[in-house]
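Peer 1: Take a look at work-v2.txt, compact mmCIF, C-alpha atoms:
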# COMPACT_ATOMS: atom_id res chain seq x y z
CA MET A 1 188.50 200.14 112.34
CA MET A 2 187.12 198.13 109.46
CA PHE A 3 186.15 200.98 107.19
CA GLY A 4 188.25 203.78 108.64
CA THR A 5 191.96 203.33 108.94
CA MET A 6 193.79 200.47 107.26
CA PRO A 7 194.07 197.61 109.79
CA GLN A 8 197.62 196.70 110.68
CA LEU A 9 199.04 193.88 108.58
CA THR A 10 199.60 190.79 110.73
CA PRO A 11 199.96 187.09 109.83
CA ASP A 12 196.49 186.30 111.20
CA LEU A 13 194.87 188.94 108.99
CA ILE A 14 196.78 187.78 105.88
CA TYR A 15 196.03 184.07 106.36
CA GLY A 16 192.46 184.70 107.56
CA VAL A 17 191.65 186.49 104.31
CA THR A 18 193.47 183.67 102.44
CA GLY A 19 191.28 181.09 104.18
CA ILE A 20 188.08 182.89 103.26
CA ALA A 21 189.27 183.27 99.65
CA VAL A 22 190.15 179.55 99.44
CA PHE A 23 186.75 178.64 100.91
CA ALA A 24 185.02 180.86 98.32
CA ILE A 25 187.02 179.29 95.46
CA GLY A 26 186.07 175.83 96.71
CA LEU A 27 182.41 176.80 96.99
CA VAL A 28 182.30 178.11 93.41
CA GLY A 29 184.06 174.94 92.23
CA ALA A 30 181.70 172.62 94.11
CA LEU A 31 178.66 174.33 92.57
CA CYS A 32 179.97 174.94 89.05
CA ALA A 33 182.47 172.14 88.28
CA GLN A 34 181.16 169.54 85.90
CA ASP A 35 183.17 166.42 86.52
CA ARG A 36 182.73 164.62 89.80
CA LEU A 37 186.40 164.31 90.70
CA ARG A 38 186.87 168.07 90.46
CA ARG A 39 183.80 168.64 92.64
CA VAL A 40 185.34 166.47 95.39
CA LEU A 41 188.57 168.46 94.97
CA ALA A 42 186.58 171.69 95.40
CA LEU A 43 184.97 170.46 98.63
CA LYS A 44 188.43 169.57 99.92
CA LEU A 45 189.49 173.17 99.16
CA CYS A 46 186.52 174.37 101.26
CA SER A 47 187.71 172.27 104.19
CA VAL A 48 191.24 173.68 103.93
CA GLY A 49 189.77 177.21 103.88
CA ALA A 50 187.81 176.47 107.06
CA GLY A 51 190.99 175.04 108.59
CA PHE A 52 192.81 178.31 107.80
CA VAL A 53 190.18 180.37 109.65
CA LEU A 54 190.30 178.06 112.72
CA VAL A 55 194.12 178.05 112.85
CA VAL A 56 194.04 181.85 112.58
CA ALA A 57 191.56 181.99 115.47
CA ALA A 58 194.03 180.00 117.59
CA TRP A 59 197.00 182.27 116.76
CA ARG A 60 198.36 184.65 119.41
CA VAL A 61 200.94 187.41 119.07
CA PRO A 62 204.25 185.46 119.15
CA PRO A 63 205.50 185.25 122.72
CA ALA A 64 202.15 183.74 123.72
CA ALA A 65 201.47 180.10 122.81
CA PRO A 66 198.53 179.43 120.47
CA ASP A 67 195.22 178.00 121.68
CA PRO A 68 195.45 174.18 121.36
CA VAL A 69 191.69 173.50 121.18
CA PRO A 70 191.10 174.81 117.61
CA HIS A 71 194.27 172.94 116.55
CA ALA A 72 192.78 169.68 117.82
CA LEU A 73 189.51 170.51 116.05
CA VAL A 74 191.30 171.05 112.72
CA ILE A 75 193.24 167.75 113.07
CA THR A 76 189.92 165.98 113.72
CA GLY A 77 188.46 167.76 110.69
CA ILE A 78 191.32 166.65 108.44
CA VAL A 79 190.84 162.99 109.39
CA VAL A 80 187.04 163.19 108.94
CA MET A 81 187.60 164.86 105.55
CA VAL A 82 189.90 162.10 104.30
CA SER A 83 187.28 159.51 105.35
CA ALA A 84 184.53 161.38 103.51
CA THR A 85 186.77 161.84 100.45
CA ALA A 86 187.57 158.12 100.35
CA VAL A 87 183.86 157.18 100.39
CA ALA A 88 183.01 159.83 97.77
CA LEU A 89 185.80 158.59 95.49
CA ALA A 90 184.64 154.97 95.90
CA LEU A 91 181.13 156.08 94.85
CA ILE A 92 182.61 157.90 91.83
CA ARG A 93 184.56 154.78 90.76
CA ARG A 94 181.46 152.62 91.12
CA LEU A 95 179.22 155.08 89.21
CA GLN A 96 181.68 155.42 86.35
CA THR A 97 182.05 151.64 86.06
CA LEU A 98 178.27 151.12 86.01
CA GLU A 99 177.76 153.87 83.41
CA THR A 100 180.49 152.46 81.17
CA GLU A 101 179.01 148.95 81.44
CA ASP A 102 175.56 150.33 80.52
CA ASP A 103 176.96 152.04 77.45
CA ALA A 104 178.75 148.92 76.28
CA MET B 105 209.22 199.67 107.23
CA THR B 106 207.59 196.26 107.39
CA ASP B 107 208.89 193.02 108.74
CA PRO B 108 210.51 191.05 105.87
CA ILE B 109 208.73 187.90 107.05
CA LEU B 110 205.42 189.65 106.31
CA ILE B 111 206.45 189.88 102.65
CA PHE B 112 207.00 186.10 102.73
CA ASP B 113 203.52 185.72 104.30
CA LEU B 114 201.95 187.81 101.53
CA LEU B 115 203.74 185.83 98.79
CA LEU B 116 202.77 182.51 100.38
CA ALA B 117 199.13 183.61 100.73
CA ALA B 118 199.07 184.71 97.08
CA ALA B 119 200.58 181.38 95.99
CA VAL B 120 198.00 179.41 98.01
CA VAL B 121 195.08 181.31 96.45
CA ALA B 122 196.58 181.08 92.94
CA LEU B 123 197.11 177.31 93.27
CA ALA B 124 193.52 176.86 94.50
CA VAL B 125 192.20 178.70 91.43
CA ALA B 126 194.56 176.86 89.10
CA SER B 127 193.69 173.39 90.41
CA LEU B 128 190.00 174.01 89.69
CA SER B 129 190.44 175.74 86.34
CA VAL B 130 193.14 173.65 84.60
CA ARG B 131 191.65 171.24 82.07
CA ASP B 132 193.83 168.16 82.63
CA LEU B 133 192.63 166.39 85.79
CA PHE B 134 196.07 164.92 86.46
CA VAL B 135 197.56 168.42 86.49
CA ALA B 136 194.68 169.56 88.72
CA ILE B 137 195.51 166.89 91.30
CA VAL B 138 199.24 167.69 91.23
CA LEU B 139 198.43 171.41 91.70
CA PHE B 140 196.14 170.46 94.59
CA ILE B 141 198.98 168.54 96.26
CA THR B 142 201.24 171.59 95.91
CA PHE B 143 198.43 173.73 97.32
CA GLY B 144 198.11 171.43 100.35
CA LEU B 145 201.85 171.50 101.09
CA LEU B 146 201.98 175.30 100.88
CA SER B 147 198.92 175.51 103.18
CA ALA B 148 200.79 173.32 105.66
CA LEU B 149 203.72 175.76 105.42
CA ALA B 150 201.34 178.64 106.16
CA TRP B 151 200.09 176.80 109.23
CA VAL B 152 203.66 176.41 110.44
CA ARG B 153 203.89 180.22 110.19
CA LEU B 154 200.77 180.40 112.37
CA ALA B 155 202.49 178.31 115.09
CA ALA B 156 200.39 175.20 114.38
CA PRO B 157 202.99 172.49 113.58
CA ASP B 158 200.66 169.63 114.60
CA VAL B 159 197.99 170.77 112.18
CA ALA B 160 200.60 171.33 109.47
CA LEU B 161 201.93 167.77 109.89
CA ALA B 162 198.41 166.33 109.75
CA GLU B 163 197.54 168.39 106.66
CA ALA B 164 200.77 167.44 104.87
CA ALA B 165 200.50 163.73 105.70
CA ILE B 166 196.74 163.07 105.60
CA GLY B 167 195.06 166.04 103.93
CA THR B 168 197.60 166.22 101.10
CA GLY B 169 199.56 162.97 100.94
CA VAL B 170 196.88 160.35 101.49
CA THR B 171 194.14 162.43 99.81
CA GLY B 172 196.40 163.04 96.80
CA ALA B 173 197.13 159.32 96.49
CA LEU B 174 193.38 158.54 96.70
CA LEU B 175 192.60 161.12 93.98
CA LEU B 176 195.34 159.83 91.65
CA LYS B 177 194.22 156.24 92.13
CA THR B 178 190.62 157.19 91.33
CA LEU B 179 191.71 159.12 88.22
CA HIS B 180 193.67 156.06 87.06
CA HIS B 181 190.58 153.86 87.61
CA LEU B 182 188.28 156.29 85.75
CA ARG B 183 190.65 156.54 82.80
CA TYR B 184 190.97 152.75 82.73
CA VAL B 185 187.23 152.01 82.68
CA THR B 186 186.52 154.72 80.10
CA GLY B 187 189.41 153.53 77.92
CA THR B 188 191.25 156.87 77.95
CA LEU B 189 194.27 155.60 79.86
CA ASN B 190 196.91 156.17 77.18
CA ARG B 191 195.32 159.19 75.56
CA PRO B 192 196.68 162.29 77.25
CA GLU B 193 194.44 164.47 75.08
CA ALA B 194 191.40 163.05 76.90
CA PHE B 195 191.55 165.63 79.64
CA SER B 196 188.17 165.05 81.20
CA VAL B 197 186.48 161.77 82.08
CA THR B 198 182.90 162.97 82.47
CA PRO B 199 181.44 164.36 79.25
CA ALA B 200 180.88 168.05 79.72
CA ALA B 201 177.23 168.97 79.33
CA PRO B 202 176.92 172.73 78.99
CA VAL B 203 175.57 174.43 82.10
CA PRO B 204 173.11 177.24 81.33
CA ALA B 205 174.66 180.66 81.85
CA PRO B 206 171.89 181.90 84.23
CA VAL B 207 172.60 178.96 86.54
CA LEU B 208 176.30 179.83 86.56
CA TRP B 209 175.56 183.48 87.33
CA ALA B 210 173.10 182.57 90.09
CA ASN B 211 175.71 180.25 91.64
CA ALA B 212 178.40 182.91 91.41
CA ALA B 213 176.13 185.52 93.03
CA PHE B 214 175.23 183.08 95.80
CA CYS B 215 178.90 182.28 96.48
CA GLY B 216 179.74 185.99 96.43
CA LEU B 217 177.07 186.74 99.05
CA ILE B 218 178.29 183.94 101.34
CA THR B 219 181.91 185.07 100.97
CA LEU B 220 180.98 188.67 101.67
CA GLY B 221 179.14 187.60 104.84
CA LEU B 222 182.10 185.49 105.99
CA ALA B 223 184.57 188.30 105.29
CA VAL B 224 182.50 190.86 107.22
CA ALA B 225 182.14 188.44 110.13
CA PHE B 226 185.88 187.66 110.13
CA LEU B 227 187.07 191.26 109.86
CA GLY B 228 184.61 192.42 112.50
CA ALA B 229 185.38 189.68 115.00
CA PRO B 230 187.89 190.33 117.79
CA ARG B 231 191.17 188.61 116.97
CA SER B 232 193.67 187.05 119.37
CA GLY B 233 190.78 186.98 121.82
CA PRO B 234 190.70 184.84 124.91
CA GLY B 235 190.12 181.22 124.00
CA PHE B 236 190.73 178.03 125.90
CA ASP B 237 194.46 178.74 126.34
CA ALA B 238 194.27 179.51 130.06
CA LEU B 239 191.99 176.55 130.84
CA VAL B 240 194.24 174.11 128.97
CA ALA B 241 197.43 175.50 130.54
CA GLU B 242 195.86 175.15 133.98
CA ALA B 243 194.74 171.54 133.48
CA LEU B 244 197.84 170.38 131.56
CA PRO B 245 199.76 168.99 134.59
CA GLN B 246 196.85 166.62 135.35
CA SER B 247 196.68 165.21 131.80
CA GLY B 248 199.89 163.14 132.03
CA VAL B 249 201.36 164.49 128.78
CA GLU B 250 203.33 167.68 128.19
CA HIS B 251 202.12 168.65 124.74
CA PRO B 252 198.88 170.68 124.90
CA VAL B 253 197.46 169.49 121.54
CA THR B 254 197.94 165.82 122.53
CA ALA B 255 196.35 166.55 125.91
CA VAL B 256 193.30 168.10 124.20
CA LEU B 257 193.03 165.27 121.66
CA LEU B 258 193.41 162.32 124.02
CA SER B 259 192.34 163.63 127.40
CA PHE B 260 190.26 166.80 127.53
CA ARG B 261 188.30 166.21 124.34
CA ALA B 262 188.95 162.49 123.94
CA TYR B 263 185.31 161.87 123.04
CA ASP B 264 185.79 163.82 119.77
CA THR B 265 188.86 161.77 118.95
CA LEU B 266 187.06 158.49 119.65
CA MET B 267 184.29 159.53 117.26
CA GLU B 268 186.92 160.50 114.68
CA VAL B 269 188.37 156.99 114.79
CA VAL B 270 184.82 155.63 114.44
CA VAL B 271 184.31 157.80 111.32
CA LEU B 272 187.48 156.31 109.83
CA LEU B 273 186.17 152.81 110.60
CA ALA B 274 182.79 153.66 109.02
CA ALA B 275 184.60 154.93 105.90
CA VAL B 276 186.49 151.70 105.35
CA ILE B 277 183.30 149.66 105.87
CA GLY B 278 181.54 151.92 103.37
CA VAL B 279 184.30 151.63 100.77
CA TRP B 280 184.37 147.84 101.02
CA GLN B 281 180.59 147.71 100.56
CA ILE B 282 180.52 150.18 97.64
CA GLU B 283 183.32 148.44 95.75
CA ARG B 284 182.07 144.91 96.33
CA GLY B 285 182.28 142.93 93.10
CA LEU B 286 183.71 145.87 91.18
CA SER B 287 186.34 144.89 88.64
CA ASP B 288 189.58 146.62 89.50
CA ALA B 289 191.82 148.58 87.18
CA PRO B 290 195.22 146.90 86.98
CA ALA B 291 197.83 148.85 88.87
CA PRO B 292 200.27 150.73 86.65
CA VAL B 293 203.57 148.93 86.15
CA LEU B 294 206.25 150.87 87.97
CA GLY B 295 209.83 150.64 86.84
CA GLU B 296 212.94 149.43 88.61
CA VAL B 297 213.72 152.92 89.86
CA PHE B 298 210.54 152.83 91.90
CA GLN B 299 211.42 149.43 93.36
CA GLY B 300 214.79 150.74 94.48
CA PHE B 301 213.19 153.90 95.85
CA ALA B 302 210.71 151.79 97.84
CA ARG B 303 213.50 149.63 99.27
CA LEU B 304 215.49 152.66 100.36
CA THR B 305 212.62 154.71 101.80
CA LEU B 306 210.54 151.99 103.50
CA PRO B 307 212.80 151.62 106.59
CA ALA B 308 213.17 155.40 106.85
CA ILE B 309 209.38 155.92 106.76
CA VAL B 310 208.86 153.33 109.49
CA VAL B 311 211.36 155.13 111.73
CA VAL B 312 209.84 158.58 111.00
CA GLY B 313 206.28 157.36 111.67
CA THR B 314 207.20 155.71 114.96
CA TYR B 315 209.19 158.78 116.01
CA LEU B 316 206.22 161.07 115.31
CA LEU B 317 204.01 158.85 117.47
CA TRP B 318 206.52 158.63 120.32
CA LYS B 319 207.36 162.34 120.27
CA GLY B 320 203.67 163.32 120.36
CA ALA B 321 203.55 163.21 124.17
CA GLU B 322 205.81 166.23 124.55
CA ALA B 323 206.23 167.85 121.12
CA PRO B 324 204.27 168.25 117.87
CA GLY B 325 203.36 164.87 116.42
CA GLY B 326 201.08 162.09 117.56
CA ALA B 327 198.83 159.24 116.52
CA PHE B 328 197.28 160.77 113.41
CA GLN B 329 200.47 162.15 111.89
CA GLY B 330 202.42 158.98 112.75
CA GLY B 331 199.60 156.77 111.45
CA ALA B 332 199.48 158.62 108.14
CA VAL B 333 203.25 158.34 107.67
CA LEU B 334 203.04 154.61 108.43
CA ALA B 335 200.13 154.35 105.96
CA ALA B 336 202.62 155.56 103.33
CA VAL B 337 204.54 152.33 104.01
CA GLY B 338 201.38 150.42 103.10
CA LEU B 339 200.93 152.49 99.94
CA LEU B 340 204.52 151.84 98.83
CA LEU B 341 204.15 148.11 99.57
CA LEU B 342 200.93 147.97 97.56
CA LEU B 343 202.32 150.00 94.63
CA SER B 344 205.57 148.07 94.44
CA ARG B 345 203.63 144.78 94.83
CA LEU B 346 205.89 143.69 97.65
CA TYR B 347 202.57 143.02 99.36
CA VAL B 348 199.52 141.76 97.47
CA PRO B 349 196.32 141.61 99.57
CA GLN B 350 194.86 138.10 99.69
CA PRO B 351 191.29 137.12 100.62
CA SER B 352 192.68 135.20 103.59
CA HIS B 353 194.11 138.44 105.04
CA ARG B 354 190.67 139.97 105.50
CA GLY B 355 190.28 138.64 109.03
CA VAL B 356 193.53 140.23 110.20
CA ALA B 357 192.63 143.47 108.42
CA ARG B 358 189.24 143.62 110.14
CA TRP B 359 190.88 143.17 113.54
CA ALA B 360 193.38 145.92 112.71
CA PHE B 361 190.54 148.28 111.69
CA VAL B 362 188.66 147.90 114.99
CA LEU B 363 191.74 147.62 117.24
CA GLY B 364 192.09 151.37 117.85
CA THR B 365 188.37 152.03 118.37
CA GLY B 366 188.00 148.97 120.60
CA VAL B 367 190.95 149.73 122.86
CA PHE B 368 190.09 153.45 123.03
CA ALA B 369 186.48 152.78 124.05
CA GLY B 370 187.54 149.93 126.33
CA VAL B 371 190.05 152.04 128.28
CA ALA B 372 187.56 154.92 128.51
CA LEU B 373 184.95 152.64 130.08
CA LEU B 374 187.37 150.70 132.29
CA VAL B 375 188.77 153.81 134.00
CA ALA B 376 185.21 154.87 134.84
CA GLY B 377 183.98 153.88 138.25
CA GLY B 378 185.15 154.69 141.76
CA GLY B 379 183.94 158.27 141.44
CA ARG B 380 185.52 158.79 138.02
CA VAL B 381 183.74 159.26 134.70
CA ALA B 382 184.67 157.80 131.32
CA PHE B 383 187.99 159.19 129.94
CA GLU B 384 189.04 160.39 133.40
CA TYR B 385 192.34 158.52 133.51
CA PRO B 386 193.85 157.96 136.98
CA PRO B 387 196.67 160.55 137.19
CA GLU B 388 199.43 158.06 138.03
CA HIS B 389 198.68 155.91 134.94
CA ALA B 390 197.54 158.70 132.62
CA LYS B 391 200.67 158.79 130.45
CA THR B 392 200.84 155.01 130.09
CA LEU B 393 197.18 154.79 129.12
CA ILE B 394 197.45 157.67 126.64
CA LEU B 395 200.52 156.10 125.01
CA LEU B 396 198.77 152.71 124.86
CA ILE B 397 195.72 154.23 123.17
CA GLU B 398 197.88 156.30 120.80
CA GLY B 399 200.01 153.32 119.82
CA LEU B 400 197.09 151.08 118.96
CA VAL B 401 195.10 153.90 117.31
CA THR B 402 198.18 154.57 115.15
CA ILE B 403 198.18 150.96 113.92
CA SER B 404 194.46 151.20 113.12
CA ILE B 405 194.87 154.52 111.30
CA ALA B 406 197.80 153.23 109.24
CA VAL B 407 196.01 150.02 108.20
CA THR B 408 192.70 151.83 107.55
CA LEU B 409 194.27 154.54 105.38
CA ALA B 410 196.18 151.94 103.38
CA ALA B 411 192.94 149.94 102.95
CA LEU B 412 191.11 153.08 101.81
CA PHE B 413 193.81 153.53 99.18
CA HIS B 414 193.57 149.92 98.05
CA GLY B 415 189.80 150.36 97.89
CA ARG B 416 188.26 147.06 96.90
CA GLU B 417 188.02 144.34 99.52
CA PRO B 418 190.51 141.60 98.55
CA VAL B 419 188.42 138.79 97.07
CA ALA B 420 189.22 135.79 94.95
CA LEU B 421 189.73 136.92 91.36
CA ARG B 422 186.57 136.80 89.26
CA THR B 423 187.03 136.40 85.58
CA ASP B 424 183.55 137.55 84.52
CA GLY B 425 184.00 141.02 86.06
CA GLY B 426 180.32 141.02 86.99
CA ARG B 427 178.59 143.25 89.44
CA GLY B 428 178.48 140.66 92.24
For the structure just supplied, provide its representation as structure tokens.
Peer 2:
Amino acid sequence: MMFGTMPQLTPDLIYGVTGIAVFAIGLVGALCAQDRLRRVLALKLCSVGAGFVLVVAAWRVPPAAPDPVPHALVITGIVVMVSATAVALALIRRLQTLETEDDA
Amino acid sequence: MTDPILIFDLLLAAAVVALAVASLSVRDLFVAIVLFITFGLLSALAWVRLAAPDVALAEAAIGTGVTGALLLKTLHHLRYVTGTLNRPEAFSVTPAAPVPAPVLWANAAFCGLITLGLAVAFLGAPRSGPGFDALVAEALPQSGVEHPVTAVLLSFRAYDTLMEVVVLLAAVIGVWQIERGLSDAPAPVLGEVFQGFARLTLPAIVVVGTYLLWKGAEAPGGAFQGGAVLAAVGLLLLLSRLYVPQPSHRGVARWAFVLGTGVFAGVALLVAGGGRVAFEYPPEHAKTLILLIEGLVTISIAVTLAALFHGREPVALRTDGGRG
């Protein structure tokens, strides 16, 4: 199926590939970006990519309702990610202030 | 030949990927953050297409709205302390030290390998496979609420959600500790248009947030989405300076931070006993207990997110700007 015939185009295939692409972009950014703010942004992109793959895993062909458990996991992940982002940004603000004071 | 909605899906997917690339490659950090916010909103739209409205609401309100506000506030602070606030040509705050090309290539190869592995795993995995759908549908009548995602969050997997509220609490403690004694960048002066906007939208946001919370029992919505929308009220109040945090408000704020965690853990332990385990709500009171927990958790989430945006613990103004 994978290497033979072209798989049929469905929303879960489209958005699953999107999620993996977004995760890859975030990974490259987190490793290669030079300023700290952009690195946090890149990690946030990774988390959205992972969310895409989980939401795709929960999707069912329309008449059927999607699986609620991965949805709950992604909501939990979003809240944990905003907490981690807030702490990372506070560290960035502190570091930049200390560095500027040292230079002065 | 193909469903026209599939063309929309393809365009949306292309836009999401393009915005992700653009937000990491554009030089101006402000533009990068704005592109990221657009990226988050389009991702939320994609999740609506995948029949996940709860996740889309959470991503739009928390993952994009609150995160975007946090990023913009941090950028403002960085530009203030480095003295590049009114110089738009200063695109980057951290001086760019050149990264050796071999390191870049090694990183790119490493990322390529990981992505290839993920893609092979995803394309090879069975899709639309059996998950927890049947189990959740079977147990839903006993949960006391009609919306499956709310049932999973607050009943079947309530332990996860309790820990999530604890993580939020730990974050606000961490931010207050990290920023202790840090001199704050003065908030940008916002014009009269913003004041009018705040006056008009504040009541509407309060109604929308409360509605999202209330509706969560039977339809998409719930504590996290409602809490994030209510946190926007806090952000507007802080930005328009209708509310200025005072040191004497810290006690109330601390109580608001722990309210959700405390009540959630308290209810979980109190229903235990008499043959029941923690989080096993008695069926006749299940809906009341879930709504009680959700209501108080919403207040905690709203106050905590607004505090995370404000950052520094409100202390008496220090004129020396020392490190404390």
Peer 1: Chain B near chain A within 6 Å: what's each residue's closest atom pair and its distance in Å to one decimal, counting all atoms listed in the file, ordered by chain then ascending residue number, as a tab-separated table?
Peer 2:
residue	atom	partner	partner_atom	distance
B:Ala117	CA	A:Thr18	CA	5.9
B:Val159	CA	A:Ile75	CA	5.7
B:Gly167	CA	A:Ile78	CA	5.9
B:Thr198	CA	A:Asp35	CA	5.3
B:Thr219	CA	A:Ala24	CA	5.9
B:Ser232	CA	A:Arg60	CA	5.3
B:Asp237	CA	A:Asp67	CA	4.8
B:Val253	CA	A:Pro68	CA	5.1
B:Leu257	CA	A:Ala72	CA	5.9
B:Leu272	CA	A:Ser83	CA	5.5
B:Ala275	CA	A:Ser83	CA	5.3
B:Val279	CA	A:Val87	CA	5.6
Peer 1: Between B:Pro290, B:Pro418, B:Pro324, B:Gly285, which is the closest to Arg354 of chain B once you count all atoms listed in the file?
Peer 2: B:Pro418
Peer 1: Would you list the contacts of segment 392-405 of chain B as a VMD selection string, taking every protein, DNA or RNA residue within 7 Å and counting all atoms listed in the file, but skipping same-chain residues closer than 3 positions in sequence?
Peer 2: chain B and resid 258 327 to 328 330 to 332 360 to 364 367 to 368 389 408 to 409
Peer 1: Would you compute the distance between atom CA of Ala156 of chain B and atom CA of Val407 of chain B? Give it in Å to one decimal.
Peer 2: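 According to the coordinates, atom CA of Ala156 of chain B and atom CA of Val407 of chain B are separated by 26.3 Å.
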Peer 1: With all atoms listed in the file as the atoms that count, which of B:Val240, B:Leu374, B:Leu174, B:Val203 lies nearest to Ala411 of chain B?
Peer 2: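 Going through B:Val240, B:Leu374, B:Leu174, B:Val203 one by one, the smallest distance to Ala411 of chain B is for B:Leu174.
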Peer 1: Measure the distance from atom CA of Val276 of chain B to atom CA of Arg416 of chain B in Å and round it to one decimal.
Peer 2: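 About the pair atom CA of Val276 of chain B and atom CA of Arg416 of chain B: they are 9.8 Å apart.
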Peer 1: Between atom CA of Pro307 of chain B and atom CA of Val269 of chain B, what is the distance in Å, rounded to a tenth?
Peer 2: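 Distance reported for this atom pair: 26.3 Å.
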Peer 1: I'd like the contact shell of Leu161 of chain B - 9 Å cut-off, all atoms listed in the file, skipping same-chain residues fewer than 3 positions apart - returned as a list in words.
Peer 2: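 Once the adjacent positions are removed, what remains is Ala148, Val152, Ala156, Pro157, Asp158, Ala164, Ala165, Ile166, Pro324, Gly325 and Gln329 of chain B.
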Peer 1: Write a file of the just-selected residues containing C-alpha atoms, as an mmCIF file, in the coordinates of the input.
Peer 2:
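Output saved as part-v1.cif:
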data_model
loop_
_atom_site.group_PDB
_atom_site.id
_atom_site.type_symbol
_atom_site.label_atom_id
_atom_site.label_comp_id
_atom_site.auth_asym_id
_atom_site.auth_seq_id
_atom_site.Cartn_x
_atom_site.Cartn_y
_atom_site.Cartn_z
ATOM 1 C CA ALA B 148 200.790 173.320 105.660
ATOM 2 C CA VAL B 152 203.660 176.410 110.440
ATOM 3 C CA ALA B 156 200.390 175.200 114.380
ATOM 4 C CA PRO B 157 202.990 172.490 113.580
ATOM 5 C CA ASP B 158 200.660 169.630 114.600
ATOM 6 C CA ALA B 164 200.770 167.440 104.870
ATOM 7 C CA ALA B 165 200.500 163.730 105.700
ATOM 8 C CA ILE B 166 196.740 163.070 105.600
ATOM 9 C CA PRO B 324 204.270 168.250 117.870
ATOM 10 C CA GLY B 325 203.360 164.870 116.420
ATOM 11 C CA GLN B 329 200.470 162.150 111.890
#
Peer 1: For Glu250 of chain B, work out the shell of residues within 10 Å, counting all atoms listed in the file and skipping chain neighbours fewer than 2 positions away, then give it as an NGL selection string.
Peer 2: :B and (244-248 or 252-255 or 320-323 or 391)
Peer 1: Identify, on the basis of all atoms listed in the file, every residue whose closest approach to Ser127 of chain B does not exceed 9 Å; exclude the query and any residue fewer than 4 positions from it along the same chain; express the result as a ChimeraX atom specification.
Peer 2: /A:38,41-42 /B:122-123,131,133,135-140,143
Peer 1: From the options B:Val224, B:Ile141, B:Ile277, B:Ala173, which residue's atoms come nearest to Arg358 of chain B, counting only C-alpha atoms?
Peer 2: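 Checking each of B:Val224, B:Ile141, B:Ile277, B:Ala173 against Arg358 of chain B, counting only C-alpha atoms, the winner is B:Ile277.
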